[in-house]
file model_1.json (JSON, C-alpha atoms and all ligand atoms)
[["chain", "number", "residue", "atom", "x", "y", "z"],
["A", 108, "MET", "CA", 109.55, 176.18, 48.72],
["A", 109, "LYS", "CA", 111.74, 178.91, 47.29],
["A", 110, "THR", "CA", 113.38, 177.92, 44.02],
["A", 111, "ARG", "CA", 114.14, 181.15, 42.18],
["A", 112, "GLY", "CA", 112.55, 184.54, 42.21],
["A", 113, "PHE", "CA", 112.61, 188.17, 43.21],
["A", 114, "GLU", "CA", 112.28, 190.15, 46.42],
["A", 115, "LEU", "CA", 112.36, 193.84, 47.26],
["A", 116, "VAL", "CA", 115.57, 195.20, 48.76],
["A", 117, "THR", "CA", 114.77, 196.34, 52.33],
["A", 118, "ALA", "CA", 115.24, 200.04, 51.63],
["A", 119, "TYR", "CA", 112.60, 199.86, 48.87],
["A", 120, "GLU", "CA", 110.00, 197.77, 50.72],
["A", 121, "LYS", "CA", 107.72, 200.71, 51.41],
["A", 122, "THR", "CA", 108.03, 202.39, 48.03],
["A", 123, "GLY", "CA", 105.32, 200.35, 46.34],
["A", 124, "ILE", "CA", 107.52, 198.99, 43.54],
["A", 125, "ASP", "CA", 106.24, 195.86, 41.80],
["A", 126, "LEU", "CA", 108.37, 192.72, 41.50],
["A", 127, "PRO", "CA", 109.51, 191.90, 37.94],
["A", 128, "VAL", "CA", 106.92, 190.10, 35.82],
["A", 129, "ARG", "CA", 106.81, 188.65, 32.32],
["A", 130, "SER", "CA", 104.41, 190.42, 30.01],
["A", 131, "THR", "CA", 103.12, 187.28, 28.21],
["A", 132, "ALA", "CA", 102.99, 183.51, 28.78],
["A", 133, "HIS", "CA", 105.96, 182.82, 26.49],
["A", 134, "ALA", "CA", 108.15, 185.80, 27.29],
["A", 135, "ALA", "CA", 111.61, 184.82, 28.59],
["A", 136, "GLY", "CA", 112.35, 188.13, 30.25],
["A", 137, "TYR", "CA", 111.09, 189.47, 33.57],
["A", 138, "ASP", "CA", 110.76, 193.23, 33.14],
["A", 139, "PHE", "CA", 112.54, 195.30, 35.76],
["A", 140, "ILE", "CA", 111.40, 198.85, 36.48],
["A", 141, "ALA", "CA", 113.38, 201.85, 37.67],
["A", 142, "ALA", "CA", 112.98, 202.23, 41.44],
["A", 143, "GLU", "CA", 113.81, 205.94, 41.27],
["A", 144, "THR", "CA", 113.59, 208.74, 38.75],
["A", 145, "VAL", "CA", 117.05, 209.21, 37.24],
["A", 146, "SER", "CA", 118.28, 211.90, 34.88],
["A", 147, "LEU", "CA", 121.23, 211.21, 32.56],
["A", 148, "ASN", "CA", 123.21, 213.94, 30.83],
["A", 149, "PRO", "CA", 124.38, 213.40, 27.22],
["A", 150, "GLY", "CA", 126.94, 210.58, 27.19],
["A", 151, "GLU", "CA", 126.54, 209.92, 30.90],
["A", 152, "ILE", "CA", 126.57, 206.40, 32.43],
["A", 153, "LYS", "CA", 124.53, 205.83, 35.59],
["A", 154, "LEU", "CA", 123.54, 202.86, 37.72],
["A", 155, "ILE", "CA", 119.76, 202.80, 37.87],
["A", 156, "PRO", "CA", 118.43, 201.14, 41.03],
["A", 157, "THR", "CA", 115.78, 198.47, 40.52],
["A", 158, "GLY", "CA", 115.03, 197.93, 44.23],
["A", 159, "ILE", "CA", 115.14, 194.18, 43.46],
["A", 160, "LYS", "CA", 117.27, 191.24, 44.53],
["A", 161, "ALA", "CA", 117.08, 187.79, 42.94],
["A", 162, "TYR", "CA", 117.55, 184.35, 44.49],
["A", 163, "MET", "CA", 118.18, 181.19, 42.52],
["A", 164, "GLN", "CA", 119.54, 177.64, 42.74],
["A", 165, "ALA", "CA", 123.23, 176.64, 42.57],
["A", 166, "GLY", "CA", 124.23, 176.41, 38.90],
["A", 167, "GLU", "CA", 121.82, 179.17, 37.88],
["A", 168, "VAL", "CA", 122.41, 182.76, 36.83],
["A", 169, "LEU", "CA", 120.20, 185.72, 36.05],
["A", 170, "TYR", "CA", 121.15, 187.57, 32.87],
["A", 171, "LEU", "CA", 120.12, 191.18, 32.59],
["A", 172, "TYR", "CA", 119.43, 192.18, 29.00],
["A", 173, "ASP", "CA", 118.58, 195.51, 27.45],
["A", 174, "ARG", "CA", 115.08, 196.06, 26.11],
["A", 175, "SER", "CA", 115.41, 196.27, 22.34],
["A", 176, "SER", "CA", 113.32, 199.44, 22.27],
["A", 177, "ASN", "CA", 115.66, 201.36, 24.62],
["A", 178, "PRO", "CA", 118.18, 202.70, 22.06],
["A", 179, "ARG", "CA", 115.58, 203.98, 19.61],
["A", 180, "LYS", "CA", 112.79, 205.02, 21.96],
["A", 181, "LYS", "CA", 114.73, 206.16, 25.04],
["A", 182, "GLY", "CA", 118.20, 206.94, 23.72],
["A", 183, "LEU", "CA", 119.63, 204.60, 26.37],
["A", 184, "VAL", "CA", 121.73, 201.42, 26.19],
["A", 185, "LEU", "CA", 122.69, 198.85, 28.80],
["A", 186, "ILE", "CA", 126.35, 199.76, 28.50],
["A", 187, "ASN", "CA", 127.84, 196.54, 29.93],
["A", 188, "SER", "CA", 125.93, 194.66, 27.20],
["A", 189, "VAL", "CA", 124.65, 191.92, 29.52],
["A", 190, "GLY", "CA", 124.52, 192.05, 33.30],
["A", 191, "VAL", "CA", 125.56, 188.79, 34.96],
["A", 192, "ILE", "CA", 123.76, 188.49, 38.30],
["A", 193, "ASP", "CA", 125.48, 185.78, 40.32],
["A", 194, "GLY", "CA", 123.55, 183.54, 42.72],
["A", 195, "ASP", "CA", 125.73, 184.62, 45.65],
["A", 196, "TYR", "CA", 125.12, 188.30, 44.95],
["A", 197, "TYR", "CA", 121.77, 187.75, 46.70],
["A", 198, "GLY", "CA", 122.00, 188.75, 50.34],
["A", 199, "ASN", "CA", 125.59, 189.98, 50.19],
["A", 200, "PRO", "CA", 126.38, 192.04, 53.30],
["A", 201, "ASP", "CA", 127.41, 195.05, 51.25],
["A", 202, "ASN", "CA", 124.18, 195.85, 49.39],
["A", 203, "GLU", "CA", 121.88, 192.86, 50.05],
["A", 204, "GLY", "CA", 122.01, 191.89, 46.38],
["A", 205, "HIS", "CA", 120.47, 195.06, 44.96],
["A", 206, "ILE", "CA", 120.41, 194.77, 41.16],
["A", 207, "PHE", "CA", 121.36, 197.85, 39.14],
["A", 208, "ALA", "CA", 121.01, 198.55, 35.42],
["A", 209, "GLN", "CA", 124.06, 200.35, 34.06],
["A", 210, "MET", "CA", 122.62, 202.65, 31.40],
["A", 211, "LYS", "CA", 124.31, 205.10, 29.04],
["A", 212, "ASN", "CA", 122.62, 208.08, 27.44],
["A", 213, "ILE", "CA", 123.63, 207.88, 23.76],
["A", 214, "THR", "CA", 121.87, 211.09, 22.76],
["A", 215, "ASP", "CA", 122.95, 214.73, 22.88],
["A", 216, "GLN", "CA", 120.10, 215.61, 25.22],
["A", 217, "VAL", "CA", 119.20, 214.91, 28.82],
["A", 218, "VAL", "CA", 117.23, 211.66, 29.14],
["A", 219, "GLU", "CA", 114.97, 211.02, 32.12],
["A", 220, "VAL", "CA", 114.01, 207.58, 33.35],
["A", 221, "ALA", "CA", 110.87, 207.86, 35.44],
["A", 222, "LYS", "CA", 110.31, 205.80, 38.56],
["A", 223, "GLY", "CA", 108.13, 202.84, 37.53],
["A", 224, "GLU", "CA", 109.32, 202.81, 33.92],
["A", 225, "ARG", "CA", 110.41, 199.42, 32.53],
["A", 226, "ILE", "CA", 114.12, 199.57, 31.93],
["A", 227, "VAL", "CA", 115.75, 196.11, 31.47],
["A", 228, "GLN", "CA", 114.73, 192.45, 31.47],
["A", 229, "GLY", "CA", 116.09, 189.51, 33.44],
["A", 230, "VAL", "CA", 116.33, 185.95, 32.13],
["A", 231, "PHE", "CA", 117.19, 183.00, 34.42],
["A", 232, "ALA", "CA", 119.47, 180.33, 32.91],
["A", 233, "PRO", "CA", 121.61, 177.33, 33.93],
["A", 234, "PHE", "CA", 125.39, 177.52, 33.44],
["A", 235, "LEU", "CA", 128.18, 174.91, 33.08],
["A", 236, "LEU", "CA", 131.50, 174.42, 34.90],
["A", 237, "ALA", "CA", 134.91, 173.72, 33.34],
["A", 238, "ASP", "CA", 136.97, 170.61, 34.20],
["A", 239, "ALA", "CA", 139.00, 170.93, 37.40],
["A", 240, "ASP", "CA", 137.02, 173.95, 38.50],
["A", 241, "SER", "CA", 137.97, 174.66, 42.10],
["A", 242, "ALA", "CA", 136.19, 177.94, 42.85],
["A", 243, "GLU", "CA", 135.07, 178.25, 46.43],
["A", 244, "GLY", "CA", 133.84, 180.86, 48.89],
["A", 245, "THR", "CA", 130.94, 183.25, 48.69],
["A", 246, "ARG", "CA", 130.78, 186.81, 47.45],
["A", 247, "ILE", "CA", 130.83, 189.31, 50.28],
["A", 248, "GLY", "CA", 130.55, 192.56, 48.36],
["A", 249, "GLY", "CA", 128.55, 194.31, 45.70],
["A", 250, "PHE", "CA", 129.61, 195.57, 42.29],
["A", 251, "GLY", "CA", 133.39, 195.64, 41.68],
["A", 252, "SER", "CA", 134.19, 193.94, 44.97],
["A", 253, "THR", "CA", 136.24, 190.94, 43.83],
["A", 254, "GLY", "CA", 139.35, 192.95, 42.97],
["A", 255, "ALA", "CA", 140.67, 194.55, 39.78],
["A", 301, "LIG", "O1", 124.43, 194.83, 35.25],
["A", 301, "LIG", "C1", 124.76, 194.37, 36.34],
["A", 301, "LIG", "C2", 125.87, 193.53, 36.49],
["A", 301, "LIG", "C3", 126.18, 193.05, 37.75],
["A", 301, "LIG", "N1", 125.43, 193.40, 38.83],
["A", 301, "LIG", "C4", 125.77, 192.87, 40.16],
["A", 301, "LIG", "C5", 125.42, 191.37, 40.26],
["A", 301, "LIG", "C6", 126.73, 190.67, 40.08],
["A", 301, "LIG", "O2", 126.72, 189.44, 40.81],
["A", 301, "LIG", "C7", 127.72, 191.69, 40.66],
["A", 301, "LIG", "C8", 129.10, 191.61, 40.07],
["A", 301, "LIG", "O3", 129.01, 191.69, 38.67],
["A", 301, "LIG", "P1", 130.28, 191.41, 37.75],
["A", 301, "LIG", "O4", 131.00, 190.18, 38.22],
["A", 301, "LIG", "O5", 129.82, 191.46, 36.35],
["A", 301, "LIG", "O6", 131.11, 192.74, 38.02],
["A", 301, "LIG", "P2", 132.64, 192.95, 38.40],
["A", 301, "LIG", "O7", 133.02, 194.25, 37.84],
["A", 301, "LIG", "O8", 133.43, 191.72, 38.03],
["A", 301, "LIG", "O9", 132.53, 193.11, 39.95],
["A", 301, "LIG", "P3", 132.93, 192.05, 41.10],
["A", 301, "LIG", "O10", 134.38, 192.26, 41.33],
["A", 301, "LIG", "O11", 132.07, 192.48, 42.27],
["A", 301, "LIG", "O12", 132.60, 190.66, 40.62],
["A", 301, "LIG", "O13", 127.16, 192.97, 40.37],
["A", 301, "LIG", "C9", 124.32, 194.23, 38.70],
["A", 301, "LIG", "O14", 123.62, 194.54, 39.65],
["A", 301, "LIG", "N2", 124.02, 194.69, 37.45],
["A", 302, "MG", "MG", 133.00, 189.74, 38.77]]
call {"tool": "encode", "arguments": {"input": "model_1.json", "output": "structure tokens"}}
result
Amino acid sequence: MKTRGFELVTAYEKTGIDLPVRSTAHAAGYDFIAAETVSLNPGEIKLIPTGIKAYMQAGEVLYLYDRSSNPRKKGLVLINSVGVIDGDYYGNPDNEGHIFAQMKNITDQVVEVAKGERIVQGVFAPFLLADADSAEGTRIGGFGSTGA
């Protein structure tokens, strides 16, 4: 039975990327790796493909957090602070649910992220609904698709 987990996006199936794993028994975060080598100019923001999509139960979310070593060791930050990966992002007809890490180069030099390098971490969590919540429908697009 599938409860929650990760799969490769179709276009990355043959690239030999590993699914996210936790590095120890008590770690909360599943480490995501860069699916491609990406070069960022000073100050530049880029979406780094992970090649991964995540499925989960209703009432669950996957939070994408920066690795705390990124700013000091890589000169990169997850510029949207925390990525909120919605359950209905999985399988959307636009991009299948491909998860991207939005990184900014905070140095004055070019920074390269190598394919296979750990870049961000994902933590599954339950979330709560407000009274009289009436949201309905399912996401049909990728990033920035629900209007301004
Ligand atoms: O760091 C992130 C943040 C989001 N997403 C994907 C999953 C999420 O379900 C979708 C939409 O994210 P969000 O709602 O934060 O972005 P938005 O700017 O509001 O876009 P939309 O109008 O598509 O909701 O984009 C990522 O891949 N990485
Ligand atoms: Mg949104």
call {"tool": "residues_near_ligand", "arguments": {"input": "model_1.json", "ligand": "ligand MG 302 (chain A)", "cutoff": "9 Å", "atoms": "all atoms listed in the file", "output": "PyMOL selection string"}}
result
chain A and resi 191+193+250-254
call {"tool": "residues_near_point", "arguments": {"input": "model_1.json", "point": "(115.0, 183.5, 40.4)", "cutoff": "10 Å", "atoms": "all atoms listed in the file", "output": "JSON, numbers by chain"}}
result
{"A": [109, 110, 111, 112, 113, 114, 137, 160, 161, 162, 163, 164, 167, 168, 169, 194, 229, 230, 231, 232]}
call {"tool": "axis_aligned_box", "arguments": {"input": "model_1.json", "around": "stretch 183-188 of chain A", "padding_each_side": "6 Å", "output": "lines of an AutoDock Vina configuration file"}}
result
center_x = 123.7
center_y = 199.6
center_z = 28.1
size_x = 20.2
size_y = 21.9
size_z = 15.7
call {"tool": "residues_near_ligand", "arguments": {"input": "model_1.json", "ligand": "ligand LIG 301 (chain A)", "cutoff": "9 Å", "atoms": "all atoms listed in the file", "output": "VMD selection string"}}
result
chain A and resid 154 156 to 157 160 168 to 172 185 to 197 204 to 210 246 to 255
call {"tool": "residues_around", "arguments": {"input": "model_1.json", "residues": "A:Gly166", "least_positions_apart": "6", "cutoff": "8 Å", "atoms": "all atoms listed in the file", "output": "ChimeraX atom specification"}}
result
/A:233-235
call {"tool": "residues_around", "arguments": {"input": "model_1.json", "residues": "stretch 215-226 of chain A", "least_positions_apart": "4", "cutoff": "12 Å", "atoms": "all atoms listed in the file", "output": "MDAnalysis selection string"}}
result
chainID A and resid 122:130 136:158 171:178 180:185 207:211
call {"tool": "write_last_selection", "arguments": {"input": "model_1.json", "atoms": "C-alpha atoms", "output": "PDB file, keeping the file's coordinate frame"}}
result
ATOM      1  CA  THR A 122     108.030 202.390  48.030  1.00  0.00           C
ATOM      2  CA  GLY A 123     105.320 200.350  46.340  1.00  0.00           C
ATOM      3  CA  ILE A 124     107.520 198.990  43.540  1.00  0.00           C
ATOM      4  CA  ASP A 125     106.240 195.860  41.800  1.00  0.00           C
ATOM      5  CA  LEU A 126     108.370 192.720  41.500  1.00  0.00           C
ATOM      6  CA  PRO A 127     109.510 191.900  37.940  1.00  0.00           C
ATOM      7  CA  VAL A 128     106.920 190.100  35.820  1.00  0.00           C
ATOM      8  CA  ARG A 129     106.810 188.650  32.320  1.00  0.00           C
ATOM      9  CA  SER A 130     104.410 190.420  30.010  1.00  0.00           C
ATOM     10  CA  GLY A 136     112.350 188.130  30.250  1.00  0.00           C
ATOM     11  CA  TYR A 137     111.090 189.470  33.570  1.00  0.00           C
ATOM     12  CA  ASP A 138     110.760 193.230  33.140  1.00  0.00           C
ATOM     13  CA  PHE A 139     112.540 195.300  35.760  1.00  0.00           C
ATOM     14  CA  ILE A 140     111.400 198.850  36.480  1.00  0.00           C
ATOM     15  CA  ALA A 141     113.380 201.850  37.670  1.00  0.00           C
ATOM     16  CA  ALA A 142     112.980 202.230  41.440  1.00  0.00           C
ATOM     17  CA  GLU A 143     113.810 205.940  41.270  1.00  0.00           C
ATOM     18  CA  THR A 144     113.590 208.740  38.750  1.00  0.00           C
ATOM     19  CA  VAL A 145     117.050 209.210  37.240  1.00  0.00           C
ATOM     20  CA  SER A 146     118.280 211.900  34.880  1.00  0.00           C
ATOM     21  CA  LEU A 147     121.230 211.210  32.560  1.00  0.00           C
ATOM     22  CA  ASN A 148     123.210 213.940  30.830  1.00  0.00           C
ATOM     23  CA  PRO A 149     124.380 213.400  27.220  1.00  0.00           C
ATOM     24  CA  GLY A 150     126.940 210.580  27.190  1.00  0.00           C
ATOM     25  CA  GLU A 151     126.540 209.920  30.900  1.00  0.00           C
ATOM     26  CA  ILE A 152     126.570 206.400  32.430  1.00  0.00           C
ATOM     27  CA  LYS A 153     124.530 205.830  35.590  1.00  0.00           C
ATOM     28  CA  LEU A 154     123.540 202.860  37.720  1.00  0.00           C
ATOM     29  CA  ILE A 155     119.760 202.800  37.870  1.00  0.00           C
ATOM     30  CA  PRO A 156     118.430 201.140  41.030  1.00  0.00           C
ATOM     31  CA  THR A 157     115.780 198.470  40.520  1.00  0.00           C
ATOM     32  CA  GLY A 158     115.030 197.930  44.230  1.00  0.00           C
ATOM     33  CA  LEU A 171     120.120 191.180  32.590  1.00  0.00           C
ATOM     34  CA  TYR A 172     119.430 192.180  29.000  1.00  0.00           C
ATOM     35  CA  ASP A 173     118.580 195.510  27.450  1.00  0.00           C
ATOM     36  CA  ARG A 174     115.080 196.060  26.110  1.00  0.00           C
ATOM     37  CA  SER A 175     115.410 196.270  22.340  1.00  0.00           C
ATOM     38  CA  SER A 176     113.320 199.440  22.270  1.00  0.00           C
ATOM     39  CA  ASN A 177     115.660 201.360  24.620  1.00  0.00           C
ATOM     40  CA  PRO A 178     118.180 202.700  22.060  1.00  0.00           C
ATOM     41  CA  LYS A 180     112.790 205.020  21.960  1.00  0.00           C
ATOM     42  CA  LYS A 181     114.730 206.160  25.040  1.00  0.00           C
ATOM     43  CA  GLY A 182     118.200 206.940  23.720  1.00  0.00           C
ATOM     44  CA  LEU A 183     119.630 204.600  26.370  1.00  0.00           C
ATOM     45  CA  VAL A 184     121.730 201.420  26.190  1.00  0.00           C
ATOM     46  CA  LEU A 185     122.690 198.850  28.800  1.00  0.00           C
ATOM     47  CA  PHE A 207     121.360 197.850  39.140  1.00  0.00           C
ATOM     48  CA  ALA A 208     121.010 198.550  35.420  1.00  0.00           C
ATOM     49  CA  GLN A 209     124.060 200.350  34.060  1.00  0.00           C
ATOM     50  CA  MET A 210     122.620 202.650  31.400  1.00  0.00           C
ATOM     51  CA  LYS A 211     124.310 205.100  29.040  1.00  0.00           C
TER      52      LYS A 211
END
call {"tool": "atom_distance", "arguments": {"input": "model_1.json", "atom1": "atom CA of A:Leu236", "atom2": "atom CA of A:Glu203"}}
result
25.7 Å
call {"tool": "build_atoms", "arguments": {"input": "model_1.json", "residues": "stretch 130-165 of chain A", "atoms": "N, CA and C atoms", "output": "CSV table (one decimal), in the coordinates of the input"}}
result
chain,number,residue,atom,x,y,z
A,130,SER,N,105.6,189.8,30.5
A,130,SER,CA,104.4,190.4,30.0
A,130,SER,C,103.5,189.5,29.3
A,131,THR,N,104.0,188.3,28.9
A,131,THR,CA,103.1,187.3,28.2
A,131,THR,C,103.5,185.9,28.7
A,132,ALA,N,102.7,184.9,28.3
A,132,ALA,CA,103.0,183.5,28.8
A,132,ALA,C,104.3,182.9,28.2
A,133,HIS,N,104.7,183.4,27.1
A,133,HIS,CA,106.0,182.8,26.5
A,133,HIS,C,107.2,183.7,26.5
A,134,ALA,N,107.0,184.9,27.2
A,134,ALA,CA,108.2,185.8,27.3
A,134,ALA,C,109.2,185.2,28.2
A,135,ALA,N,110.5,185.3,27.8
A,135,ALA,CA,111.6,184.8,28.6
A,135,ALA,C,112.0,185.8,29.7
A,136,GLY,N,111.8,187.1,29.4
A,136,GLY,CA,112.4,188.1,30.2
A,136,GLY,C,111.4,188.6,31.3
A,137,TYR,N,111.8,188.8,32.5
A,137,TYR,CA,111.1,189.5,33.6
A,137,TYR,C,111.5,191.0,33.5
A,138,ASP,N,110.5,191.8,33.3
A,138,ASP,CA,110.8,193.2,33.1
A,138,ASP,C,111.0,193.9,34.5
A,139,PHE,N,112.2,194.5,34.6
A,139,PHE,CA,112.5,195.3,35.8
A,139,PHE,C,112.2,196.8,35.5
A,140,ILE,N,111.7,197.4,36.6
A,140,ILE,CA,111.4,198.8,36.5
A,140,ILE,C,112.4,199.7,37.3
A,141,ALA,N,112.5,200.9,36.9
A,141,ALA,CA,113.4,201.8,37.7
A,141,ALA,C,112.7,202.1,39.0
A,142,ALA,N,113.5,202.0,40.1
A,142,ALA,CA,113.0,202.2,41.4
A,142,ALA,C,113.0,203.7,41.8
A,143,GLU,N,113.7,204.5,41.0
A,143,GLU,CA,113.8,205.9,41.3
A,143,GLU,C,113.9,206.7,39.9
A,144,THR,N,113.4,207.9,40.0
A,144,THR,CA,113.6,208.7,38.8
A,144,THR,C,115.1,209.1,38.6
A,145,VAL,N,115.6,208.9,37.5
A,145,VAL,CA,117.0,209.2,37.2
A,145,VAL,C,117.2,210.0,36.0
A,146,SER,N,118.0,211.1,36.0
A,146,SER,CA,118.3,211.9,34.9
A,146,SER,C,119.7,211.7,34.4
A,147,LEU,N,119.9,211.4,33.1
A,147,LEU,CA,121.2,211.2,32.6
A,147,LEU,C,121.6,212.3,31.6
A,148,ASN,N,122.7,212.9,31.8
A,148,ASN,CA,123.2,213.9,30.8
A,148,ASN,C,123.7,213.2,29.6
A,149,PRO,N,123.9,214.0,28.5
A,149,PRO,CA,124.4,213.4,27.2
A,149,PRO,C,125.7,212.6,27.5
A,150,GLY,N,125.7,211.4,27.1
A,150,GLY,CA,126.9,210.6,27.2
A,150,GLY,C,127.1,210.0,28.6
A,151,GLU,N,126.3,210.4,29.5
A,151,GLU,CA,126.5,209.9,30.9
A,151,GLU,C,126.1,208.5,31.1
A,152,ILE,N,126.9,207.8,32.0
A,152,ILE,CA,126.6,206.4,32.4
A,152,ILE,C,126.1,206.5,33.9
A,153,LYS,N,125.0,205.9,34.2
A,153,LYS,CA,124.5,205.8,35.6
A,153,LYS,C,124.0,204.4,35.9
A,154,LEU,N,124.1,204.1,37.2
A,154,LEU,CA,123.5,202.9,37.7
A,154,LEU,C,122.1,203.2,38.2
A,155,ILE,N,121.2,202.6,37.5
A,155,ILE,CA,119.8,202.8,37.9
A,155,ILE,C,119.3,201.7,38.8
A,156,PRO,N,118.9,202.1,40.0
A,156,PRO,CA,118.4,201.1,41.0
A,156,PRO,C,117.1,200.5,40.6
A,157,THR,N,117.0,199.2,40.8
A,157,THR,CA,115.8,198.5,40.5
A,157,THR,C,115.0,198.2,41.8
A,158,GLY,N,115.7,198.3,43.0
A,158,GLY,CA,115.0,197.9,44.2
A,158,GLY,C,114.8,196.4,44.4
A,159,ILE,N,115.4,195.6,43.5
A,159,ILE,CA,115.1,194.2,43.5
A,159,ILE,C,116.4,193.4,43.7
A,160,LYS,N,116.2,192.3,44.4
A,160,LYS,CA,117.3,191.2,44.5
A,160,LYS,C,116.7,189.9,44.0
A,161,ALA,N,117.6,189.0,43.5
A,161,ALA,CA,117.1,187.8,42.9
A,161,ALA,C,117.8,186.6,43.6
A,162,TYR,N,117.0,185.6,44.0
A,162,TYR,CA,117.6,184.4,44.5
A,162,TYR,C,117.3,183.3,43.5
A,163,MET,N,118.2,182.3,43.5
A,163,MET,CA,118.2,181.2,42.5
A,163,MET,C,118.9,180.0,43.1
A,164,GLN,N,118.9,178.9,42.3
A,164,GLN,CA,119.5,177.6,42.7
A,164,GLN,C,121.0,177.7,42.4
A,165,ALA,N,121.8,176.8,43.0
A,165,ALA,CA,123.2,176.6,42.6
A,165,ALA,C,123.2,176.2,41.1
